[in-house]
Every structure is written in structure tokens, then in C-alpha cells.
>>> print(open('structure-v9.cif').read())   # mmCIF, C-alpha atoms
data_target
loop_
_atom_site.label_atom_id
_atom_site.label_comp_id
_atom_site.auth_asym_id
_atom_site.auth_seq_id
_atom_site.Cartn_x
_atom_site.Cartn_y
_atom_site.Cartn_z
CA MET A 1 -4.89 17.93 -9.65
CA PRO A 2 -3.37 18.24 -6.17
CA GLU A 3 -0.06 16.58 -5.41
CA LYS A 4 -0.90 14.91 -2.13
CA LEU A 5 -0.07 11.66 -0.36
CA THR A 6 -2.81 10.03 1.70
CA PHE A 7 -1.65 7.07 3.79
CA LEU A 8 -4.29 4.58 4.96
CA LEU A 9 -3.44 2.21 7.80
CA GLY A 10 -5.48 -0.42 9.57
CA GLY A 11 -5.74 -4.06 10.50
CA ALA A 12 -6.87 -6.95 8.34
CA ARG A 13 -10.41 -6.46 6.99
CA SER A 14 -10.59 -2.93 8.40
CA GLY A 15 -11.83 -1.51 5.09
CA LYS A 16 -8.55 0.11 4.02
CA SER A 17 -8.61 -0.90 0.36
CA ALA A 18 -12.30 -0.21 -0.26
CA HIS A 19 -12.04 3.22 1.37
CA ALA A 20 -8.89 4.03 -0.60
CA GLU A 21 -10.67 3.06 -3.83
CA ARG A 22 -13.55 5.40 -2.96
CA LEU A 23 -11.11 8.25 -2.30
CA VAL A 24 -9.27 7.68 -5.57
CA THR A 25 -12.47 7.63 -7.62
CA GLN A 26 -13.38 11.09 -6.30
CA HIS A 27 -10.74 12.25 -8.80
CA PRO A 28 -11.26 12.06 -12.57
CA ALA A 29 -10.28 8.81 -14.31
CA PRO A 30 -8.07 7.21 -15.41
CA TRP A 31 -6.90 5.81 -12.10
CA THR A 32 -3.79 3.68 -11.61
CA TYR A 33 -3.79 0.75 -9.19
CA ILE A 34 -0.34 -0.53 -8.28
CA ALA A 35 -0.68 -4.05 -6.89
CA THR A 36 2.04 -5.61 -4.77
CA ALA A 37 0.43 -9.01 -4.14
CA GLN A 38 1.75 -12.20 -5.68
CA ALA A 39 -0.56 -15.18 -6.22
CA TYR A 40 1.34 -18.11 -4.80
CA ASP A 41 -1.80 -20.20 -4.28
CA GLU A 42 -5.43 -20.45 -5.36
CA GLU A 43 -6.80 -18.60 -2.32
CA MET A 44 -4.58 -15.59 -3.04
CA ARG A 45 -5.58 -15.68 -6.74
CA GLU A 46 -9.22 -15.48 -5.63
CA ARG A 47 -8.48 -12.48 -3.37
CA ILE A 48 -6.76 -10.69 -6.25
CA ASP A 49 -9.68 -11.46 -8.58
CA ILE A 50 -12.16 -10.04 -6.05
CA HIS A 51 -10.14 -6.82 -5.77
CA ARG A 52 -9.94 -6.48 -9.58
CA ALA A 53 -13.68 -7.10 -10.04
CA ARG A 54 -14.57 -4.57 -7.34
CA ARG A 55 -12.54 -1.84 -9.07
CA GLY A 56 -14.25 -2.17 -12.46
CA ALA A 57 -13.69 0.12 -15.44
CA GLY A 58 -11.47 3.20 -15.42
CA TRP A 59 -8.59 1.50 -13.62
CA HIS A 60 -5.20 0.68 -15.08
CA THR A 61 -3.38 -1.97 -13.03
CA ILE A 62 0.39 -2.28 -12.68
CA ASP A 63 1.75 -5.36 -10.92
CA ALA A 64 4.77 -4.34 -8.87
CA PRO A 65 5.56 -6.91 -6.19
CA LEU A 66 9.12 -5.57 -5.88
CA ASP A 67 9.76 -2.54 -8.11
CA LEU A 68 7.29 -0.13 -6.58
CA THR A 69 9.52 2.88 -7.15
CA GLY A 70 9.76 2.01 -10.86
CA ALA A 71 6.00 1.53 -11.09
CA LEU A 72 5.33 4.89 -9.44
CA GLY A 73 7.86 6.51 -11.77
CA SER A 74 6.01 5.14 -14.80
CA VAL A 75 2.73 6.86 -13.91
CA PRO A 76 2.20 10.22 -15.64
CA ASP A 77 2.10 13.33 -13.46
CA GLY A 78 -1.35 14.18 -12.12
CA VAL A 79 -2.80 10.67 -12.44
CA PRO A 80 -4.51 9.40 -9.26
CA VAL A 81 -2.62 6.38 -7.90
CA LEU A 82 -3.54 3.72 -5.37
CA VAL A 83 -0.75 1.50 -4.00
CA ASP A 84 -2.11 -1.62 -2.31
CA CYS A 85 -0.27 -2.55 -0.20
CA LEU A 86 3.07 -1.64 1.37
CA THR A 87 2.92 -4.56 3.79
CA LEU A 88 2.92 -7.15 1.00
CA TRP A 89 5.64 -5.21 -0.83
CA LEU A 90 7.78 -5.31 2.32
CA SER A 91 7.15 -9.01 2.80
CA ASN A 92 8.14 -9.67 -0.85
CA HIS A 93 11.47 -7.90 -0.25
CA MET A 94 12.07 -9.76 3.00
CA LEU A 95 11.40 -13.13 1.34
CA ALA A 96 13.78 -12.18 -1.50
CA ASP A 97 16.42 -11.37 1.16
CA HIS A 98 16.76 -7.76 -0.03
CA ASP A 99 18.01 -4.87 2.08
CA VAL A 100 14.59 -3.84 3.43
CA GLU A 101 15.95 -0.83 5.26
CA ALA A 102 17.42 0.63 2.06
CA GLU A 103 14.34 -0.30 -0.02
CA SER A 104 12.00 1.22 2.58
CA SER A 105 14.00 4.43 2.88
CA SER A 106 14.11 4.87 -0.89
CA LEU A 107 10.37 4.26 -1.25
CA ALA A 108 9.44 6.56 1.65
CA GLY A 109 11.49 9.34 0.07
CA LEU A 110 9.69 8.93 -3.25
CA LEU A 111 6.25 8.79 -1.63
CA ALA A 112 6.95 12.06 0.21
CA ARG A 113 7.11 13.74 -3.23
CA PRO A 114 3.82 12.69 -4.89
CA ARG A 115 3.24 13.78 -8.47
CA GLY A 116 -0.53 13.68 -8.17
CA PRO A 117 -3.16 12.46 -5.73
CA TRP A 118 -1.50 9.32 -4.35
CA PHE A 119 -3.13 6.91 -1.90
CA VAL A 120 -1.09 4.23 -0.16
CA VAL A 121 -2.47 1.35 1.89
CA ALA A 122 -0.59 -0.57 4.60
CA ASN A 123 -1.37 -2.82 7.53
CA GLU A 124 -0.81 -1.66 11.07
CA VAL A 125 0.88 -4.75 12.50
CA GLY A 126 1.99 -3.39 15.86
CA LEU A 127 -1.28 -3.68 17.75
CA GLY A 128 -1.22 -7.45 18.26
CA ILE A 129 0.88 -9.79 20.31
CA VAL A 130 4.66 -9.99 19.96
CA PRO A 131 5.39 -12.70 17.37
CA ASP A 132 6.90 -15.87 18.81
CA ASN A 133 9.64 -16.16 16.19
CA ALA A 134 12.53 -14.02 14.99
CA LEU A 135 11.25 -13.65 11.41
CA GLY A 136 7.84 -12.47 12.63
CA ARG A 137 9.42 -9.93 14.99
CA ARG A 138 11.78 -8.72 12.25
CA PHE A 139 8.82 -8.27 9.89
CA ARG A 140 6.71 -6.45 12.50
CA ASP A 141 9.61 -4.11 13.29
CA ALA A 142 10.38 -3.42 9.61
CA ALA A 143 6.69 -2.76 8.87
CA GLY A 144 6.46 -0.39 11.84
CA ARG A 145 9.54 1.54 10.73
CA LEU A 146 8.28 1.74 7.11
CA ASN A 147 4.85 2.95 8.26
CA GLN A 148 6.47 5.64 10.41
CA GLN A 149 8.63 6.85 7.51
CA VAL A 150 5.69 7.01 5.11
CA ALA A 151 3.39 8.65 7.66
CA ALA A 152 6.02 11.33 8.38
CA GLY A 153 6.08 12.33 4.71
CA ALA A 154 2.32 11.99 4.10
CA ASP A 155 -0.02 14.94 3.84
CA GLU A 156 -2.85 12.95 5.41
CA VAL A 157 -2.92 9.74 7.46
CA LEU A 158 -6.13 7.78 8.03
CA PHE A 159 -6.52 4.87 10.42
CA MET A 160 -9.29 2.47 9.45
CA VAL A 161 -11.35 0.69 12.10
CA ALA A 162 -14.37 -1.46 11.16
CA GLY A 163 -14.71 0.35 7.82
CA LEU A 164 -14.58 3.79 9.43
CA PRO A 165 -11.75 6.24 8.75
CA MET A 166 -10.20 8.11 11.65
CA LYS A 167 -8.04 11.09 10.72
CA VAL A 168 -4.63 10.83 12.38
CA LYS A 169 -2.83 13.55 10.46
#
>>> encode(input="structure-v9.cif", output="C-alpha cells")
Amino acid sequence: MPEKLTFLLGGARSGKSAHAERLVTQHPAPWTYIATAQAYDEEMRERIDIHRARRGAGWHTIDAPLDLTGALGSVPDGVPVLVDCLTLWLSNHMLADHDVEAESSSLAGLLARPRGPWFVVANEVGLGIVPDNALGRRFRDAAGRLNQQVAAGADEVLFMVAGLPMKVK
């Protein structure tokens, strides 16, 4: 199976996750889904449940809200992987007051050396207005830097708009 990183970017509800799932399932099962979301409230639990139900059989899920590098390291070589999503992973590190620059750099380096067909989803957060508070601006800037690092090391970059993929790289 090809060792290739495909990076999917887009706004909220742009179809990133569903398209990434379709791409992953073009490879033979089993597929590994690495989830970064944490269910802090009922609405988020419902979102997670919808994602799980949509994936169905053939998927192995690893919850990795913080240790994404460890989760990726635990997947056997050649297994198709979907990471959903880097933006939540980054936000988890920011809320835990971790060194996001070091975490992002380490993760981007690992992603640039995929050990199978890897698909990574992230939000493009730089197309909207400038946030009105320091934390929002810090997050937007950190997400933009992380996305640039991952895109630089990716074999393919897709930008999702209204459910349609546009090839960027």
C-alpha cells in the first residue's frame, strides 16, 4: 500500500470528514480512525456518535485528544489512517497550556513520514474575520502555522468547498 499523506482542509461543514472517509475506504480494510474530539457536553457527544455511526464496520477507532503522535505510532505499517481533526487536537493542547509550537512541529515531522495511506483533516480558519480577542487570534495563528507545516510535508492537499474537493497540491 502506498505511503502517502493526503491533507484535507476546509471550513466548517465543507465535507472534509465525509470525503476523507470515502478516500480511506478506497483502500482495503481495516481502517484506523484517530479521533481528537473530546465530548465536554451533550451536543458534542451527539456529533461524535453521528461520525461513528456514519463510518460503520471495518473501522478501528483510537481516541487521541492529545497524544496523536503516540496514536499514529501504534498503527501497524500499511494500515490506512484517518486523523480527524488537527484543529481540535491543537485546541486541546492550547487549553491544556502545552507548548503548541513544539507539539505542532513534532506532529508535522511525523506526518511527513507516513507509514501507509494517511489522511488528515483540519479546518482552514484564516478565511474569516480577525478574532476580537487575544486567545482567538493566538489560536487562528497557531492553526495557520500548523496547517502550513503539514501541507508542506503532504503528498497531496485538498481544499473542500461545499462538499467538493479542489486539488491544491
>>> residues_near_point(input="structure-v9.cif", point="(4.3, 12.1, 9.6)", cutoff="12 Å", atoms="only C-alpha atoms", output="list in words")
Leu5, Thr6, Phe7, Ala108, Leu111, Ala112, Arg145, Leu146, Asn147, Gln148, Gln149, Val150, Ala151, Ala152, Gly153, Ala154, Asp155, Glu156, Val157, Leu158, Val168 and Lys169 of chain A
>>> write_last_selection(input="structure-v9.cif", atoms="C-alpha atoms", output="PDB file, in the frame of the given file")
ATOM      1  CA  LEU A   5      -0.070  11.660  -0.360  1.00  0.00           C
ATOM      2  CA  THR A   6      -2.810  10.030   1.700  1.00  0.00           C
ATOM      3  CA  PHE A   7      -1.650   7.070   3.790  1.00  0.00           C
ATOM      4  CA  ALA A 108       9.440   6.560   1.650  1.00  0.00           C
ATOM      5  CA  LEU A 111       6.250   8.790  -1.630  1.00  0.00           C
ATOM      6  CA  ALA A 112       6.950  12.060   0.210  1.00  0.00           C
ATOM      7  CA  ARG A 145       9.540   1.540  10.730  1.00  0.00           C
ATOM      8  CA  LEU A 146       8.280   1.740   7.110  1.00  0.00           C
ATOM      9  CA  ASN A 147       4.850   2.950   8.260  1.00  0.00           C
ATOM     10  CA  GLN A 148       6.470   5.640  10.410  1.00  0.00           C
ATOM     11  CA  GLN A 149       8.630   6.850   7.510  1.00  0.00           C
ATOM     12  CA  VAL A 150       5.690   7.010   5.110  1.00  0.00           C
ATOM     13  CA  ALA A 151       3.390   8.650   7.660  1.00  0.00           C
ATOM     14  CA  ALA A 152       6.020  11.330   8.380  1.00  0.00           C
ATOM     15  CA  GLY A 153       6.080  12.330   4.710  1.00  0.00           C
ATOM     16  CA  ALA A 154       2.320  11.990   4.100  1.00  0.00           C
ATOM     17  CA  ASP A 155      -0.020  14.940   3.840  1.00  0.00           C
ATOM     18  CA  GLU A 156      -2.850  12.950   5.410  1.00  0.00           C
ATOM     19  CA  VAL A 157      -2.920   9.740   7.460  1.00  0.00           C
ATOM     20  CA  LEU A 158      -6.130   7.780   8.030  1.00  0.00           C
ATOM     21  CA  VAL A 168      -4.630  10.830  12.380  1.00  0.00           C
ATOM     22  CA  LYS A 169      -2.830  13.550  10.460  1.00  0.00           C
TER      23      LYS A 169
END
>>> atom_distance(input="structure-v9.cif", atom1="CA of Pro117 in chain A", atom2="CA of His27 in chain A")
8.2 Å
>>> resolve_selection(input="structure-v9.cif", expression="the PyMOL selection byres ((chain A and resi 89) around 12)", output="ChimeraX atom specification")
/A:34-38,63-69,83-88,90-96,98,100,103-104,107,120-123,139,142-143,146
>>> resolve_selection(input="structure-v9.cif", expression="the PyMOL selection byres ((chain A and resi 29-32) around 10)", output="list of chain:residue names")
A:Glu21, A:Val24, A:Thr25, A:Gln26, A:His27, A:Pro28, A:Tyr33, A:Ile34, A:Ala35, A:Arg55, A:Ala57, A:Gly58, A:Trp59, A:His60, A:Thr61, A:Ile62, A:Leu72, A:Val75, A:Pro76, A:Val79, A:Pro80, A:Val81, A:Leu82, A:Val83, A:Pro117, A:Trp118
>>> atom_distance(input="structure-v9.cif", atom1="CA of Arg54 in chain A", atom2="CA of Ala12 in chain A")
17.6 Å
>>> resolve_selection(input="structure-v9.cif", expression="the PyMOL selection byres ((chain A and resi 166) around 12)", output="VMD selection string")
chain A and resid 7 to 10 14 to 16 19 156 to 165 167 to 169
>>> atom_distance(input="structure-v9.cif", atom1="CA of Gly11 in chain A", atom2="CA of Ala134 in chain A")
21.3 Å
>>> closest_residue(input="structure-v9.cif", among="A:Phe119, A:Leu127, A:Arg45, A:Ser105", to="Leu23 in chain A", atoms="only C-alpha atoms")
A:Phe119
>>> closest_residue(input="structure-v9.cif", among="A:Asp41, A:Ile48, A:Glu3, A:Ser106", to="Ser17 in chain A", atoms="only C-alpha atoms")
A:Ile48
